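Everything below concerns the one structure shown next.
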Amino acid sequence: MLYMSVSASGTGPDVTRSADPNDIAGKTIRLRDDGTVPPDNPFYNRAGYKKEIYTLGHRNGHSMQLNPETGQFWVTEQGPNGGDEVNVLKAGANYGWPYVSNGRNYNGPKISDSPWKEGTEQPWVVWVPSIAVTGGTFYTGDKFPGWRRSFFVGGLRQGESPRTGHMQRIEFNDKWEEIRREPMLVELHQRIRDVRQGPDGLLYVATSENAGAILRIEPAPAP
């Protein structure tokens with residue numbers, strides 16, 4: 001199947017489109033490779049819902065990666081000023097935007113009074129303040145054995161401060177519960193747009209700058 005993340009308007013007058021079941025904005029959608037809708041989609045036979053919808057209540061998805069052990073999609077999703085998330089997709093689930101959020105509008109007020117309410121899924125990982133989270137990847141290679149069970153994400157900036165982009169390594173236990181976060185490449189002061197594991201087991205990082213670059217991360221040579 002083909003899965004796609006569709007962003008919704010950030011904090012403007014159309015912000016509630018994410019919650020509208022008859023609008024694909026702010027949703028993940030699921031299609032066959034010929035563009036038709038599979039009949040086992042969660043809202044296929046539900047009146048008032050777009051049949052393409054797989055999950056709803058999203059703001060601004062930036063990457064979608066399959067967890068190599070669970071087979072679930074992990075989606076990196078930007079909040080406004082705070083409230084960046086990693087969400088684990090569950091068919092038919094509502095992730096709450098804009099009625100629940102850990103974030104604030106860019107001019108200060110909270111998005112919502114509560115970061116959770118009945119009937120919505122909580123994020124698996126959340127950032128306050130925002131790092132403007134971008135692309136992510138699971139590390140499964142053999143070049144960095146200590147980084148297995150880690151999820152790497154890019155970030156454009158930390159808490160609205162310029163020149164604070166970096167990469168983060170998030171380490172998990174055997175139940176995929178978060179253990180720690182390790183900021184990396186902070187000293188470069190670069191906006192990080194994407195992180196991917198290559199077929200060679202190394203990490204590749206794309207910067208989002210006027211003089212952009214692809215960086216390759218290799219193990220340090222033995223002393």
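Residue numbering restarts at 1 in every chain; chains get A, B, ... in the order shown in the structure tokens, and ligands count up from 1 in that same order.
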
Quick one: everything within 10 Å of range 207-211 of chain A, counting only C-alpha atoms, minus sequence neighbours fewer than 3 positions away in the same chain. Send it as a VMD selection string. chain A and resid 154 to 156 165 to 166 190 to 195 214 to 215

Counting only C-alpha atoms, what is within 8 Å of Gly96 in chain A, bar same-chain residues fewer than 5 positions away, as a ChimeraX atom specification? /A:19,56-58,101,116,120-121

With all heavy atoms retained, could you export that selection as a CSV table (one decimal), in the first residue's frame?
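Result written to again.csv:
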chain,number,residue,atom,x,y,z
A,19,ALA,N,-9.2,18.2,11.8
A,19,ALA,CA,-10.3,17.4,12.5
A,19,ALA,C,-11.5,17.1,11.6
A,19,ALA,O,-12.4,16.4,12.1
A,19,ALA,CB,-10.7,18.2,13.7
A,56,LEU,N,-6.1,10.6,11.5
A,56,LEU,CA,-6.5,12.0,11.4
A,56,LEU,C,-6.0,12.8,12.6
A,56,LEU,O,-5.5,12.2,13.6
A,56,LEU,CB,-8.0,12.2,11.2
A,56,LEU,CG,-8.9,11.8,12.3
A,56,LEU,CD1,-10.3,12.5,12.2
A,56,LEU,CD2,-9.2,10.3,12.3
A,57,GLY,N,-6.1,14.2,12.5
A,57,GLY,CA,-5.7,15.0,13.7
A,57,GLY,C,-4.2,15.3,13.7
A,57,GLY,O,-3.6,15.5,14.7
A,58,HIS,N,-3.6,15.4,12.5
A,58,HIS,CA,-2.1,15.7,12.4
A,58,HIS,C,-2.0,17.2,12.0
A,58,HIS,O,-2.9,17.8,11.4
A,58,HIS,CB,-1.5,14.8,11.4
A,58,HIS,CG,-1.5,13.4,11.7
A,58,HIS,ND1,-0.7,12.8,12.6
A,58,HIS,CD2,-2.4,12.4,11.2
A,58,HIS,CE1,-1.0,11.5,12.7
A,58,HIS,NE2,-2.0,11.2,11.8
A,101,SER,N,-2.6,19.7,22.3
A,101,SER,CA,-1.2,19.9,21.8
A,101,SER,C,-0.3,20.3,23.0
A,101,SER,O,-0.8,20.9,24.0
A,101,SER,CB,-1.2,21.1,20.8
A,101,SER,OG,0.2,21.4,20.4
A,116,TRP,N,-3.8,16.3,26.1
A,116,TRP,CA,-4.4,15.0,25.8
A,116,TRP,C,-5.9,15.1,26.2
A,116,TRP,O,-6.3,15.8,27.1
A,116,TRP,CB,-3.8,13.9,26.5
A,116,TRP,CG,-4.4,12.5,26.3
A,116,TRP,CD1,-4.2,11.7,25.2
A,116,TRP,CD2,-5.4,11.9,27.1
A,116,TRP,NE1,-5.0,10.6,25.3
A,116,TRP,CE2,-5.7,10.7,26.4
A,116,TRP,CE3,-6.0,12.2,28.3
A,116,TRP,CZ2,-6.7,9.8,26.9
A,116,TRP,CZ3,-7.0,11.3,28.8
A,116,TRP,CH2,-7.3,10.1,28.1
A,120,THR,N,-8.1,10.5,21.9
A,120,THR,CA,-7.0,10.9,21.1
A,120,THR,C,-5.8,10.1,21.5
A,120,THR,O,-5.6,9.6,22.6
A,120,THR,CB,-6.7,12.4,21.2
A,120,THR,OG1,-6.3,12.7,22.5
A,120,THR,CG2,-7.9,13.2,20.7
A,121,GLU,N,-4.8,9.9,20.5
A,121,GLU,CA,-3.6,9.2,20.8
A,121,GLU,C,-2.5,10.1,21.3
A,121,GLU,O,-2.4,11.3,20.8
A,121,GLU,CB,-3.1,8.5,19.5
A,121,GLU,CG,-3.9,7.3,19.1
A,121,GLU,CD,-3.7,6.1,20.0
A,121,GLU,OE1,-2.6,5.9,20.5
A,121,GLU,OE2,-4.7,5.4,20.2

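Here the question is which of A:Leu2, A:Arg148, A:Ile53, A:Asn45 gets nearest to Asp33 in chain A using only C-alpha atoms, and that residue is A:Leu2.
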
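CA of Glu178 in chain A sits 29.0 Å away from CA of Pro42 in chain A.
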
Which of range 20-57 of chain A counts as strand (DSSP E) under DSSP, as a PyMOL selection string please? chain A and resi 27-31+53-56

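In this structure, CA of Asn67 in chain A sits 10.5 Å away from CA of Ser150 in chain A.
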
Using only C-alpha atoms, determine which residues lie at most 7 Å from range 73-84 of chain A, disregarding the query and same-chain residues fewer than 3 positions distant; provide the list as a PyMOL selection string. chain A and resi 59-67+87-89+101-106+126-130+132-136+159

Long-range neighbours of Pro38 in chain A as a PDB file with all heavy atoms, in the first residue's frame, 9 Å cut-off, only C-alpha atoms, 6 positions minimum in chain:
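Output below, filename around15.pdb:
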ATOM      1  N   MET A   1       0.831  -1.192   0.000  1.00  0.00           N
ATOM      2  CA  MET A   1       0.000   0.000   0.000  1.00  0.00           C
ATOM      3  C   MET A   1       0.871   1.248   0.000  1.00  0.00           C
ATOM      4  O   MET A   1       2.029   1.223   0.411  1.00  0.00           O
ATOM      5  CB  MET A   1      -0.932   0.009   1.223  1.00  0.00           C
ATOM      6  CG  MET A   1      -1.879  -1.159   1.308  1.00  0.00           C
ATOM      7  SD  MET A   1      -3.069  -1.192  -0.068  1.00  0.00           S
ATOM      8  CE  MET A   1      -3.897  -2.743   0.288  1.00  0.00           C
ATOM      9  N   ARG A  30      -4.169   6.251   2.845  1.00  0.00           N
ATOM     10  CA  ARG A  30      -3.699   4.923   2.433  1.00  0.00           C
ATOM     11  C   ARG A  30      -4.410   4.527   1.147  1.00  0.00           C
ATOM     12  O   ARG A  30      -5.644   4.516   1.087  1.00  0.00           O
ATOM     13  CB  ARG A  30      -3.991   3.913   3.544  1.00  0.00           C
ATOM     14  CG  ARG A  30      -3.614   2.471   3.267  1.00  0.00           C
ATOM     15  CD  ARG A  30      -3.883   1.653   4.535  1.00  0.00           C
ATOM     16  NE  ARG A  30      -3.556   0.239   4.409  1.00  0.00           N
ATOM     17  CZ  ARG A  30      -4.470  -0.727   4.194  1.00  0.00           C
ATOM     18  NH1 ARG A  30      -5.759  -0.407   4.069  1.00  0.00           N
ATOM     19  NH2 ARG A  30      -4.095  -1.983   4.112  1.00  0.00           N
ATOM     20  N   LEU A  31      -3.595   4.218   0.129  1.00  0.00           N
ATOM     21  CA  LEU A  31      -4.117   3.861  -1.184  1.00  0.00           C
ATOM     22  C   LEU A  31      -3.411   2.622  -1.703  1.00  0.00           C
ATOM     23  O   LEU A  31      -2.309   2.285  -1.275  1.00  0.00           O
ATOM     24  CB  LEU A  31      -3.902   5.009  -2.177  1.00  0.00           C
ATOM     25  CG  LEU A  31      -4.530   6.368  -1.860  1.00  0.00           C
ATOM     26  CD1 LEU A  31      -4.036   7.402  -2.867  1.00  0.00           C
ATOM     27  CD2 LEU A  31      -6.037   6.291  -1.844  1.00  0.00           C
ATOM     28  N   ARG A  32      -4.039   1.968  -2.684  1.00  0.00           N
ATOM     29  CA  ARG A  32      -3.331   0.952  -3.450  1.00  0.00           C
ATOM     30  C   ARG A  32      -2.372   1.642  -4.415  1.00  0.00           C
ATOM     31  O   ARG A  32      -2.475   2.844  -4.678  1.00  0.00           O
ATOM     32  CB  ARG A  32      -4.314   0.096  -4.243  1.00  0.00           C
ATOM     33  CG  ARG A  32      -5.225  -0.797  -3.408  1.00  0.00           C
ATOM     34  CD  ARG A  32      -5.925  -1.757  -4.353  1.00  0.00           C
ATOM     35  NE  ARG A  32      -6.801  -2.691  -3.674  1.00  0.00           N
ATOM     36  CZ  ARG A  32      -8.126  -2.602  -3.642  1.00  0.00           C
ATOM     37  NH1 ARG A  32      -8.723  -1.580  -4.244  1.00  0.00           N
ATOM     38  NH2 ARG A  32      -8.851  -3.507  -3.023  1.00  0.00           N
ATOM     39  N   TYR A  44     -13.713   3.359   5.412  1.00  0.00           N
ATOM     40  CA  TYR A  44     -14.184   3.082   4.045  1.00  0.00           C
ATOM     41  C   TYR A  44     -15.711   3.134   3.945  1.00  0.00           C
ATOM     42  O   TYR A  44     -16.263   3.663   2.980  1.00  0.00           O
ATOM     43  CB  TYR A  44     -13.675   1.713   3.592  1.00  0.00           C
ATOM     44  CG  TYR A  44     -13.946   1.406   2.136  1.00  0.00           C
ATOM     45  CD1 TYR A  44     -13.082   1.845   1.145  1.00  0.00           C
ATOM     46  CD2 TYR A  44     -15.073   0.684   1.755  1.00  0.00           C
ATOM     47  CE1 TYR A  44     -13.320   1.572  -0.194  1.00  0.00           C
ATOM     48  CE2 TYR A  44     -15.331   0.397   0.418  1.00  0.00           C
ATOM     49  CZ  TYR A  44     -14.442   0.852  -0.547  1.00  0.00           C
ATOM     50  OH  TYR A  44     -14.698   0.586  -1.880  1.00  0.00           O
ATOM     51  N   LYS A  51     -12.812   8.211   2.287  1.00  0.00           N
ATOM     52  CA  LYS A  51     -12.422   6.808   2.366  1.00  0.00           C
ATOM     53  C   LYS A  51     -10.914   6.615   2.419  1.00  0.00           C
ATOM     54  O   LYS A  51     -10.419   5.590   2.903  1.00  0.00           O
ATOM     55  CB  LYS A  51     -12.987   6.052   1.169  1.00  0.00           C
ATOM     56  CG  LYS A  51     -14.500   5.980   1.135  1.00  0.00           C
ATOM     57  CD  LYS A  51     -14.989   5.179  -0.064  1.00  0.00           C
ATOM     58  CE  LYS A  51     -16.500   5.067  -0.065  1.00  0.00           C
ATOM     59  NZ  LYS A  51     -17.009   4.238  -1.188  1.00  0.00           N
ATOM     60  N   GLU A  52     -10.167   7.605   1.904  1.00  0.00           N
ATOM     61  CA  GLU A  52      -8.712   7.476   1.851  1.00  0.00           C
ATOM     62  C   GLU A  52      -8.050   7.573   3.222  1.00  0.00           C
ATOM     63  O   GLU A  52      -6.908   7.155   3.411  1.00  0.00           O
ATOM     64  CB  GLU A  52      -8.113   8.576   0.965  1.00  0.00           C
ATOM     65  CG  GLU A  52      -8.587   8.544  -0.479  1.00  0.00           C
ATOM     66  CD  GLU A  52      -9.801   9.406  -0.720  1.00  0.00           C
ATOM     67  OE1 GLU A  52     -10.529   9.719   0.263  1.00  0.00           O
ATOM     68  OE2 GLU A  52     -10.037   9.766  -1.885  1.00  0.00           O
TER      69      GLU A  52
END
